[in-house]
Amino acid sequence: MTTTTPSMQTSSTMPPHDLADMALAAEGVRRIEWAEREMPVLRLIRERFELEKPLKGLRVAACLHVTTETANLVRTLKAGGALVTLCASNPLSTQDDVAAALVAEYGISVFARHGADRDLYYKHLNLAADAHPQMTMDDGCDLVTLIHQERRSQLAEIVAGTEETTTGVIRLKAMAADNALGYPVVAVNEALTKHLFDNRYGTGQSTLDGVLRATNYLIAGRRVVVAGYGWCGRGIASRFRGMGAQVAVVEVDQVRALEALMDGNLVMTIGDAAPWGEIFITATGDIHVLRAEHFKVMRDGAIMCNSGHFDVELDLPALKALAGGRVREVRQNVEEYDLGGRRVHVLAEGRLVNLSAAEGHPAAVMDMSFANQALSAEYLQRHHAELANGVYDVPTEIDQQVARLKLEAMGIVLDPLTPEQAEYMGSWQHGT
Ligand code: ADE
């Protein structure tokens with residue numbers, strides 16, 4: 001963990017920033033450009049934004065994973081005329097080369113260092129809030145929470161926000177139910193072109209990628225336990241099944257459990273899964289899914305990791321207490337806990353394994369998520385005055401536009417209904 005005191009640096013040529021190493025900028029540019037090739041929808045939006053400047057002069061504070069894909073989103077917002085400040089939404093997901101490239105090459109203010117400790121993480125959020133945003137763009141709701149708890153005077157300046165992820169939307173809905181939400185927020189996660197693809201295929205692939213990069217294990221034949229069968233859990237289970245794992249799903253919801261079973265997984269309780277599994281992956285959004293009673297019965301060599309937004313799904317304090325200090329890093333991103341004859345392993349400190357041990361979701365899927373973000377920002381800039389404080393879905397037209405543009409970019413052509421078919425679908429008189 002980095003504990004350096006952040007120094008907000010400014011120079012005549014560079015925007016305010018705190019990042020690890022400006023010398024990494026050239027590598028960051030190369031990787032951002034590589035990701036851009038896989039983001040045709042966002043590129044089209046950027047080209048239009050350049051001409052129309054729909055976000056002209058709008059101060060946006062974005063708290064997102066600092067990745068090559070996010071870089072292409074903030075470039076798009078900037079092309080639309082926004083004044084963007086970016087901070088990290090997770091201490092381990094920051095790609096330091098991307099942070100450097102954004103500042104040095106694209107003129108965007110960034111506060112993010114890979115491995116930041118908690119103090120530095122929140123210092124960076126505060127530095128982003130110091131830019132006095134009129135719009136927030138959050139992933140996990142930490143920036144919104146900070147502003148509502150500690151910087152309430154700024155609420156009057158903020159016209160609207162967007163939220164990227166399931167966990168953040170749950171928090172925002174709780175705030176709205178408490179009448180505590182100070183401005184309208186569009187829940188980007190709820191767009192079909194977001195969660196059906198990003199949460200399912202993005203998390204599925206990037207979680208597998210994180211586990212592979214961290215362990216280099218063979219997946220075929222391995223017993224894998226997936227906790228949570230939301231869109232992320234579905235994607236993770238399907239990708240591990242695809243690699244030949246035996247997958248057991250742990251769920252608390254009956255319908256999801258049935259779906260997991262009929263998708264071809266085993267379904268069992270966490271208590272039964274604990275001594276059975278070899279790799280455990282949590283994606284529930286809840287706390288202490290795997291805890292002391294489970295650690296005590298796990299096999300020697302078990303691997304645990306998390307793909308949920310926060311690092312609370314594994315009860316690491318309980319695990320540390322059980323190991324009594326017998327913890328060592330056995331490989332990059334792999335910590336071994338010696339439980340007296342049995343060794344269990346935690347990947348990436350229990351933080352998002354797909355972003356900490358790998359690079360997050362592939363650009364082709366973030367293309368759709370971030371197209372929704374950019375178009376929702378444009379929509380909110382136009383319509384915020386008509387919206388009460390609350391959580392809103394992405395307008396259906398935006399969702400459909402993203403799907404259409406993505407299909408077009410992929411060269412996929414759909415059939416129109418014939419006139420006869422259209423008439424039939426609109427009628428009720430036809431029977432057996
Ligand atoms: N969330 C998941 N994957 C991501 C990525 N590649 N970039 C930004 N946010 C993400």
# chains A, B, ... in the order shown; residues from 1 in each chain; ligands from 1

$ residues_near_ligand --ligand "ligand 1" --cutoff "8 Å" --atoms "only C-alpha atoms and all ligand atoms" --output "ChimeraX atom specification"
/A:64-70,139,198,202-203,206,354-355,359-363,366

$ closest_atom_pairs --of "stretch 210-303 of chain A" --to "stretch 157-166 of chain A" --cutoff "10 Å" --atoms "only C-alpha atoms" --output "JSON lines"
{"residue": "A:Gly230", "atom": "CA", "partner": "A:Thr166", "partner_atom": "CA", "distance": 9.7}
{"residue": "A:Trp231", "atom": "CA", "partner": "A:Thr166", "partner_atom": "CA", "distance": 9.6}
{"residue": "A:Cys232", "atom": "CA", "partner": "A:Thr166", "partner_atom": "CA", "distance": 9.7}
{"residue": "A:Gly285", "atom": "CA", "partner": "A:Thr166", "partner_atom": "CA", "distance": 8.2}

$ write_last_selection --atoms "N, CA and C atoms" --output "mmCIF file, in the first residue's frame"
data_model
loop_
_atom_site.group_PDB
_atom_site.id
_atom_site.type_symbol
_atom_site.label_atom_id
_atom_site.label_comp_id
_atom_site.auth_asym_id
_atom_site.auth_seq_id
_atom_site.Cartn_x
_atom_site.Cartn_y
_atom_site.Cartn_z
ATOM 1 N N GLY A 230 -26.406 -13.153 -9.181
ATOM 2 C CA GLY A 230 -26.893 -11.993 -9.932
ATOM 3 C C GLY A 230 -26.244 -12.036 -11.304
ATOM 4 N N TRP A 231 -26.275 -10.919 -12.026
ATOM 5 C CA TRP A 231 -25.701 -10.939 -13.382
ATOM 6 C C TRP A 231 -24.209 -11.241 -13.358
ATOM 7 N N CYS A 232 -23.506 -10.733 -12.333
ATOM 8 C CA CYS A 232 -22.058 -11.008 -12.250
ATOM 9 C C CYS A 232 -21.821 -12.483 -11.953
ATOM 10 N N GLY A 285 -22.306 -8.743 -3.157
ATOM 11 C CA GLY A 285 -22.541 -7.368 -2.702
ATOM 12 C C GLY A 285 -22.794 -7.304 -1.204
#

$ select_by_dssp --residues "stretch 37-192 of chain A" --states "helix (DSSP H, G or I)" --output "compact mmCIF listing (two decimals) with N, CA, C and O atoms, in the first residue's frame"
# COMPACT_ATOMS: atom_id res chain seq x y z
N PRO A 40 -15.96 1.36 -30.45
CA PRO A 40 -16.46 2.16 -31.58
C PRO A 40 -17.67 3.03 -31.23
O PRO A 40 -17.84 4.10 -31.81
N VAL A 41 -18.50 2.58 -30.31
CA VAL A 41 -19.69 3.37 -29.97
C VAL A 41 -19.25 4.64 -29.25
O VAL A 41 -19.71 5.76 -29.57
N LEU A 42 -18.36 4.48 -28.30
CA LEU A 42 -17.87 5.65 -27.58
C LEU A 42 -17.14 6.61 -28.53
O LEU A 42 -17.24 7.83 -28.42
N ARG A 43 -16.45 6.04 -29.51
CA ARG A 43 -15.73 6.90 -30.48
C ARG A 43 -16.72 7.74 -31.29
O ARG A 43 -16.51 8.94 -31.49
N LEU A 44 -17.82 7.11 -31.71
CA LEU A 44 -18.84 7.87 -32.46
C LEU A 44 -19.41 9.00 -31.61
O LEU A 44 -19.63 10.12 -32.09
N ILE A 45 -19.64 8.69 -30.34
CA ILE A 45 -20.19 9.72 -29.44
C ILE A 45 -19.16 10.85 -29.28
O ILE A 45 -19.50 12.03 -29.29
N ARG A 46 -17.89 10.46 -29.16
CA ARG A 46 -16.86 11.49 -29.00
C ARG A 46 -16.80 12.40 -30.22
O ARG A 46 -16.69 13.62 -30.08
N GLU A 47 -16.92 11.80 -31.39
CA GLU A 47 -16.87 12.63 -32.61
C GLU A 47 -18.04 13.63 -32.63
O GLU A 47 -17.88 14.79 -32.99
N ARG A 48 -19.21 13.16 -32.24
CA ARG A 48 -20.38 14.07 -32.20
C ARG A 48 -20.18 15.13 -31.09
O ARG A 48 -20.45 16.32 -31.30
N PHE A 49 -19.70 14.68 -29.93
CA PHE A 49 -19.48 15.62 -28.81
C PHE A 49 -18.51 16.74 -29.23
O PHE A 49 -18.65 17.88 -28.83
N GLU A 50 -17.48 16.36 -30.00
CA GLU A 50 -16.49 17.35 -30.44
C GLU A 50 -17.16 18.48 -31.22
O GLU A 50 -16.81 19.65 -31.07
N LEU A 51 -18.14 18.11 -32.04
CA LEU A 51 -18.83 19.12 -32.86
C LEU A 51 -19.86 19.89 -32.05
O LEU A 51 -19.99 21.11 -32.16
N GLU A 52 -20.62 19.18 -31.20
CA GLU A 52 -21.79 19.80 -30.57
C GLU A 52 -21.51 20.38 -29.19
O GLU A 52 -22.29 21.19 -28.69
N THR A 68 -7.76 1.87 -18.97
CA THR A 68 -7.70 2.38 -20.34
C THR A 68 -9.10 2.71 -20.86
O THR A 68 -9.28 3.65 -21.63
N GLU A 69 -10.09 1.93 -20.41
CA GLU A 69 -11.46 2.16 -20.89
C GLU A 69 -12.01 3.45 -20.29
O GLU A 69 -12.64 4.26 -20.99
N THR A 70 -11.74 3.65 -19.00
CA THR A 70 -12.18 4.89 -18.36
C THR A 70 -11.51 6.09 -19.02
O THR A 70 -12.13 7.15 -19.19
N ALA A 71 -10.25 5.92 -19.41
CA ALA A 71 -9.55 7.01 -20.09
C ALA A 71 -10.32 7.43 -21.33
O ALA A 71 -10.49 8.63 -21.61
N ASN A 72 -10.83 6.45 -22.06
CA ASN A 72 -11.58 6.80 -23.27
C ASN A 72 -12.92 7.44 -22.95
O ASN A 72 -13.40 8.28 -23.72
N LEU A 73 -13.51 7.10 -21.82
CA LEU A 73 -14.73 7.81 -21.41
C LEU A 73 -14.41 9.27 -21.06
O LEU A 73 -15.10 10.18 -21.53
N VAL A 74 -13.38 9.49 -20.26
CA VAL A 74 -13.14 10.88 -19.86
C VAL A 74 -12.66 11.73 -21.04
O VAL A 74 -12.96 12.92 -21.11
N ARG A 75 -11.98 11.11 -21.98
CA ARG A 75 -11.65 11.84 -23.22
C ARG A 75 -12.93 12.27 -23.93
O ARG A 75 -13.02 13.36 -24.50
N THR A 76 -13.93 11.39 -23.91
CA THR A 76 -15.21 11.70 -24.57
C THR A 76 -15.91 12.86 -23.87
O THR A 76 -16.43 13.78 -24.52
N LEU A 77 -15.91 12.82 -22.54
CA LEU A 77 -16.55 13.92 -21.78
C LEU A 77 -15.84 15.23 -22.07
O LEU A 77 -16.46 16.28 -22.25
N LYS A 78 -14.51 15.15 -22.11
CA LYS A 78 -13.73 16.37 -22.39
C LYS A 78 -14.03 16.89 -23.80
O LYS A 78 -14.20 18.09 -24.02
N ALA A 79 -14.14 15.96 -24.74
CA ALA A 79 -14.48 16.37 -26.11
C ALA A 79 -15.82 17.08 -26.15
O ALA A 79 -16.05 17.98 -26.96
N ASP A 96 -1.39 2.83 -13.23
CA ASP A 96 -0.59 4.05 -13.07
C ASP A 96 -0.19 4.68 -14.40
O ASP A 96 -0.07 5.90 -14.51
N ASP A 97 0.01 3.85 -15.42
CA ASP A 97 0.38 4.42 -16.72
C ASP A 97 -0.78 5.21 -17.32
O ASP A 97 -0.59 6.24 -17.97
N VAL A 98 -2.00 4.74 -17.05
CA VAL A 98 -3.18 5.44 -17.58
C VAL A 98 -3.34 6.79 -16.87
O VAL A 98 -3.61 7.82 -17.51
N ALA A 99 -3.15 6.79 -15.55
CA ALA A 99 -3.25 8.05 -14.80
C ALA A 99 -2.26 9.06 -15.37
O ALA A 99 -2.60 10.23 -15.62
N ALA A 100 -1.03 8.61 -15.62
CA ALA A 100 0.00 9.52 -16.13
C ALA A 100 -0.37 10.02 -17.53
O ALA A 100 -0.25 11.22 -17.83
N ALA A 101 -0.85 9.12 -18.38
CA ALA A 101 -1.20 9.52 -19.75
C ALA A 101 -2.34 10.53 -19.76
O ALA A 101 -2.32 11.50 -20.54
N LEU A 102 -3.31 10.32 -18.88
CA LEU A 102 -4.45 11.25 -18.87
C LEU A 102 -4.00 12.66 -18.54
O LEU A 102 -4.48 13.64 -19.12
N VAL A 103 -3.07 12.77 -17.61
CA VAL A 103 -2.60 14.09 -17.22
C VAL A 103 -1.69 14.67 -18.31
O VAL A 103 -1.90 15.79 -18.80
N ALA A 104 -0.67 13.89 -18.69
CA ALA A 104 0.38 14.43 -19.57
C ALA A 104 -0.10 14.60 -21.01
O ALA A 104 0.26 15.56 -21.69
N ARG A 118 -6.07 3.75 2.71
CA ARG A 118 -7.41 4.32 2.87
C ARG A 118 -7.35 5.85 2.95
O ARG A 118 -8.18 6.55 2.35
N ASP A 119 -6.36 6.36 3.69
CA ASP A 119 -6.26 7.83 3.84
C ASP A 119 -6.03 8.50 2.50
O ASP A 119 -6.64 9.51 2.18
N LEU A 120 -5.11 7.91 1.71
CA LEU A 120 -4.80 8.52 0.41
C LEU A 120 -6.00 8.40 -0.53
O LEU A 120 -6.32 9.33 -1.29
N TYR A 121 -6.67 7.26 -0.46
CA TYR A 121 -7.87 7.05 -1.29
C TYR A 121 -8.87 8.18 -1.03
O TYR A 121 -9.37 8.82 -1.97
N TYR A 122 -9.16 8.43 0.25
CA TYR A 122 -10.15 9.48 0.56
C TYR A 122 -9.60 10.88 0.31
O TYR A 122 -10.35 11.79 -0.03
N LYS A 123 -8.28 11.04 0.46
CA LYS A 123 -7.67 12.33 0.12
C LYS A 123 -7.94 12.62 -1.37
O LYS A 123 -8.27 13.75 -1.74
N HIS A 124 -7.79 11.59 -2.18
CA HIS A 124 -8.01 11.78 -3.63
C HIS A 124 -9.47 12.12 -3.93
O HIS A 124 -9.75 12.95 -4.79
N LEU A 125 -10.40 11.46 -3.22
CA LEU A 125 -11.81 11.80 -3.43
C LEU A 125 -12.06 13.26 -3.05
O LEU A 125 -12.78 13.99 -3.74
N ASN A 126 -11.45 13.68 -1.95
CA ASN A 126 -11.64 15.07 -1.53
C ASN A 126 -11.02 16.05 -2.53
O ASN A 126 -11.59 17.12 -2.78
N LEU A 127 -9.89 15.67 -3.10
CA LEU A 127 -9.28 16.55 -4.10
C LEU A 127 -10.19 16.67 -5.34
O LEU A 127 -10.31 17.74 -5.93
N ALA A 128 -10.85 15.57 -5.70
CA ALA A 128 -11.79 15.64 -6.82
C ALA A 128 -12.98 16.54 -6.45
O ALA A 128 -13.44 17.35 -7.27
N ALA A 129 -13.45 16.40 -5.23
CA ALA A 129 -14.58 17.24 -4.79
C ALA A 129 -14.17 18.71 -4.69
O ALA A 129 -15.00 19.61 -4.89
N ASP A 142 -19.00 6.06 -3.55
CA ASP A 142 -18.15 6.65 -2.51
C ASP A 142 -18.10 8.17 -2.61
O ASP A 142 -18.08 8.86 -1.58
N LEU A 143 -18.04 8.70 -3.82
CA LEU A 143 -17.94 10.17 -3.97
C LEU A 143 -19.25 10.82 -3.52
O LEU A 143 -19.25 11.83 -2.80
N VAL A 144 -20.37 10.23 -3.93
CA VAL A 144 -21.69 10.76 -3.53
C VAL A 144 -21.82 10.72 -2.01
O VAL A 144 -22.26 11.69 -1.38
N THR A 145 -21.40 9.61 -1.41
CA THR A 145 -21.50 9.49 0.05
C THR A 145 -20.63 10.54 0.74
O THR A 145 -21.07 11.20 1.69
N LEU A 146 -19.42 10.71 0.24
CA LEU A 146 -18.51 11.71 0.84
C LEU A 146 -19.16 13.09 0.80
O LEU A 146 -19.18 13.82 1.81
N ILE A 147 -19.68 13.44 -0.36
CA ILE A 147 -20.26 14.79 -0.50
C ILE A 147 -21.47 14.93 0.42
O ILE A 147 -21.64 15.96 1.09
N HIS A 148 -22.31 13.90 0.50
CA HIS A 148 -23.51 13.99 1.34
C HIS A 148 -23.17 13.99 2.83
O HIS A 148 -23.92 14.54 3.63
N GLN A 149 -22.06 13.34 3.20
CA GLN A 149 -21.75 13.27 4.63
C GLN A 149 -20.83 14.39 5.09
O GLN A 149 -20.99 14.90 6.20
N GLU A 150 -19.86 14.75 4.26
CA GLU A 150 -18.83 15.67 4.77
C GLU A 150 -18.73 16.98 4.03
O GLU A 150 -18.02 17.87 4.47
N ARG A 152 -21.54 18.84 2.57
CA ARG A 152 -22.95 19.09 2.21
C ARG A 152 -23.16 20.45 1.54
O ARG A 152 -24.09 20.61 0.75
N SER A 153 -22.30 21.41 1.86
CA SER A 153 -22.51 22.73 1.27
C SER A 153 -22.39 22.67 -0.25
O SER A 153 -22.93 23.51 -0.97
N GLN A 154 -21.70 21.63 -0.76
CA GLN A 154 -21.53 21.52 -2.22
C GLN A 154 -22.77 20.98 -2.93
O GLN A 154 -22.86 21.06 -4.15
N LEU A 155 -23.71 20.41 -2.15
CA LEU A 155 -24.90 19.83 -2.80
C LEU A 155 -25.63 20.86 -3.66
O LEU A 155 -26.16 20.53 -4.72
N ALA A 156 -25.61 22.10 -3.21
CA ALA A 156 -26.33 23.16 -3.93
C ALA A 156 -25.72 23.39 -5.32
O ALA A 156 -26.40 23.90 -6.23
N GLU A 157 -24.45 23.04 -5.48
CA GLU A 157 -23.77 23.29 -6.77
C GLU A 157 -23.97 22.15 -7.76
O GLU A 157 -23.68 22.28 -8.94
N THR A 166 -23.92 -1.96 -9.58
CA THR A 166 -25.02 -2.51 -8.77
C THR A 166 -24.95 -2.02 -7.34
O THR A 166 -25.94 -1.53 -6.78
N THR A 167 -23.78 -2.16 -6.71
CA THR A 167 -23.62 -1.77 -5.30
C THR A 167 -23.95 -0.30 -5.11
O THR A 167 -24.63 0.07 -4.14
N GLY A 168 -23.48 0.54 -6.02
CA GLY A 168 -23.76 1.97 -5.91
C GLY A 168 -25.24 2.27 -6.03
O GLY A 168 -25.79 3.12 -5.30
N VAL A 169 -25.91 1.57 -6.95
CA VAL A 169 -27.35 1.81 -7.15
C VAL A 169 -28.12 1.40 -5.90
O VAL A 169 -29.05 2.09 -5.47
N ILE A 170 -27.72 0.30 -5.27
CA ILE A 170 -28.40 -0.13 -4.03
C ILE A 170 -28.25 0.96 -2.96
O ILE A 170 -29.21 1.34 -2.29
N ARG A 171 -27.05 1.49 -2.83
CA ARG A 171 -26.82 2.57 -1.84
C ARG A 171 -27.65 3.81 -2.16
O ARG A 171 -28.23 4.42 -1.28
N LEU A 172 -27.67 4.17 -3.45
CA LEU A 172 -28.41 5.38 -3.85
C LEU A 172 -29.91 5.22 -3.58
O LEU A 172 -30.57 6.16 -3.13
N LYS A 173 -30.42 4.01 -3.85
CA LYS A 173 -31.85 3.78 -3.62
C LYS A 173 -32.15 3.86 -2.12
O LYS A 173 -33.21 4.36 -1.72
N ALA A 174 -31.22 3.40 -1.30
CA ALA A 174 -31.40 3.51 0.16
C ALA A 174 -31.39 4.99 0.56
O ALA A 174 -32.19 5.42 1.40
N MET A 175 -30.50 5.77 -0.04
CA MET A 175 -30.46 7.21 0.25
C MET A 175 -31.78 7.87 -0.17
O MET A 175 -32.35 8.68 0.56
N ALA A 176 -32.26 7.51 -1.37
CA ALA A 176 -33.50 8.12 -1.87
C ALA A 176 -34.67 7.74 -0.96
O ALA A 176 -35.52 8.59 -0.64
N ALA A 177 -34.70 6.48 -0.50
CA ALA A 177 -35.80 6.03 0.38
C ALA A 177 -35.77 6.80 1.70
O ALA A 177 -36.80 7.02 2.32
N VAL A 188 -26.84 4.03 -14.29
CA VAL A 188 -26.37 3.46 -15.57
C VAL A 188 -26.41 1.93 -15.51
O VAL A 188 -26.71 1.26 -16.51
N ASN A 189 -26.15 1.38 -14.32
CA ASN A 189 -26.17 -0.08 -14.18
C ASN A 189 -27.47 -0.70 -14.66
O ASN A 189 -27.49 -1.84 -15.13
N GLU A 190 -28.57 0.05 -14.53
CA GLU A 190 -29.87 -0.55 -14.84
C GLU A 190 -30.15 -0.62 -16.35
O GLU A 190 -31.08 -1.30 -16.77
N LEU A 192 -30.15 -2.02 -19.94
CA LEU A 192 -29.96 -3.39 -20.41
C LEU A 192 -28.61 -3.54 -21.10
O LEU A 192 -27.93 -4.56 -20.95

$ residues_around --residues "stretch 295-312 of chain A" --least-positions-apart "2" --cutoff "7 Å" --atoms "only C-alpha atoms" --output "VMD selection string"
chain A and resid 140 167 207 274 to 275 278 to 285 287 to 288 291 to 293 314 to 315 342 to 347 350 to 354

$ closest_atom_pairs --of "stretch 44-83 of chain A" --to "stretch 377-389 of chain A" --cutoff "9 Å" --atoms "only C-alpha atoms" --output "Markdown table"
| residue | atom | partner | partner_atom | distance |
| --- | --- | --- | --- | --- |
| A:Pro54 | CA | A:Glu378 | CA | 6.2 |
| A:Leu55 | CA | A:Glu378 | CA | 6.5 |
| A:Leu58 | CA | A:Gln381 | CA | 8.3 |
| A:Leu77 | CA | A:Ala377 | CA | 8.5 |
| A:Gly80 | CA | A:Glu378 | CA | 8.7 |

$ write_last_selection --atoms "all heavy atoms" --output "PDB file, in the first residue's frame"
ATOM      1  N   PRO A  54     -21.982  19.294 -26.023  1.00  0.00           N
ATOM      2  CA  PRO A  54     -23.175  19.304 -25.163  1.00  0.00           C
ATOM      3  C   PRO A  54     -22.861  19.498 -23.678  1.00  0.00           C
ATOM      4  O   PRO A  54     -23.773  19.806 -22.902  1.00  0.00           O
ATOM      5  CB  PRO A  54     -23.788  17.914 -25.406  1.00  0.00           C
ATOM      6  CG  PRO A  54     -22.646  17.060 -25.836  1.00  0.00           C
ATOM      7  CD  PRO A  54     -21.728  17.958 -26.607  1.00  0.00           C
ATOM      8  N   LEU A  55     -21.589  19.306 -23.286  1.00  0.00           N
ATOM      9  CA  LEU A  55     -21.244  19.439 -21.864  1.00  0.00           C
ATOM     10  C   LEU A  55     -20.388  20.689 -21.628  1.00  0.00           C
ATOM     11  O   LEU A  55     -19.665  20.772 -20.631  1.00  0.00           O
ATOM     12  CB  LEU A  55     -20.485  18.184 -21.398  1.00  0.00           C
ATOM     13  CG  LEU A  55     -21.164  16.831 -21.680  1.00  0.00           C
ATOM     14  CD1 LEU A  55     -20.274  15.670 -21.241  1.00  0.00           C
ATOM     15  CD2 LEU A  55     -22.514  16.743 -20.961  1.00  0.00           C
ATOM     16  N   LEU A  58     -19.148  22.277 -18.224  1.00  0.00           N
ATOM     17  CA  LEU A  58     -19.687  21.534 -17.074  1.00  0.00           C
ATOM     18  C   LEU A  58     -18.538  20.890 -16.272  1.00  0.00           C
ATOM     19  O   LEU A  58     -17.728  20.157 -16.823  1.00  0.00           O
ATOM     20  CB  LEU A  58     -20.635  20.437 -17.586  1.00  0.00           C
ATOM     21  CG  LEU A  58     -21.305  19.590 -16.511  1.00  0.00           C
ATOM     22  CD1 LEU A  58     -22.410  20.378 -15.809  1.00  0.00           C
ATOM     23  CD2 LEU A  58     -21.889  18.308 -17.129  1.00  0.00           C
ATOM     24  N   LEU A  77     -15.910  12.822 -22.535  1.00  0.00           N
ATOM     25  CA  LEU A  77     -16.552  13.915 -21.779  1.00  0.00           C
ATOM     26  C   LEU A  77     -15.838  15.227 -22.067  1.00  0.00           C
ATOM     27  O   LEU A  77     -16.461  16.279 -22.254  1.00  0.00           O
ATOM     28  CB  LEU A  77     -16.530  13.613 -20.279  1.00  0.00           C
ATOM     29  CG  LEU A  77     -17.220  12.308 -19.842  1.00  0.00           C
ATOM     30  CD1 LEU A  77     -17.010  12.074 -18.351  1.00  0.00           C
ATOM     31  CD2 LEU A  77     -18.706  12.335 -20.190  1.00  0.00           C
ATOM     32  N   GLY A  80     -16.719  16.691 -25.238  1.00  0.00           N
ATOM     33  CA  GLY A  80     -18.029  17.339 -25.159  1.00  0.00           C
ATOM     34  C   GLY A  80     -17.994  18.677 -24.449  1.00  0.00           C
ATOM     35  O   GLY A  80     -19.038  19.295 -24.263  1.00  0.00           O
TER      36      GLY A  80
END

$ closest_residue --among "A:Asn372, A:Thr396, A:Asn265, A:Gln246" --to "A:Lys194" --atoms "only C-alpha atoms"
A:Asn372

$ residues_around --residues "stretch 212-215 of chain A" --least-positions-apart "4" --cutoff "8 Å" --atoms "only C-alpha atoms" --output "PyMOL selection string"
chain A and resi 208+331-334+347+357-358

$ atom_distance --atom1 "atom CA of A:Pro91" --atom2 "atom CA of A:Asp338"
26.0 Å

$ atom_distance --atom1 "atom CA of A:Tyr183" --atom2 "atom CA of A:Val391"
8.8 Å

$ residues_around --residues "stretch 401-412 of chain A" --least-positions-apart "3" --cutoff "7 Å" --atoms "only C-alpha atoms" --output "MDAnalysis selection string"
chainID A and resid 40:41 193 368 371 397:398

$ select_by_dssp --residues "stretch 100-302 of chain A" --states "strand (DSSP E)" --output "VMD selection string"
chain A and resid 109 to 111 135 to 138 160 to 163 185 to 187 223 to 227 246 to 250 266 to 267 279 to 282
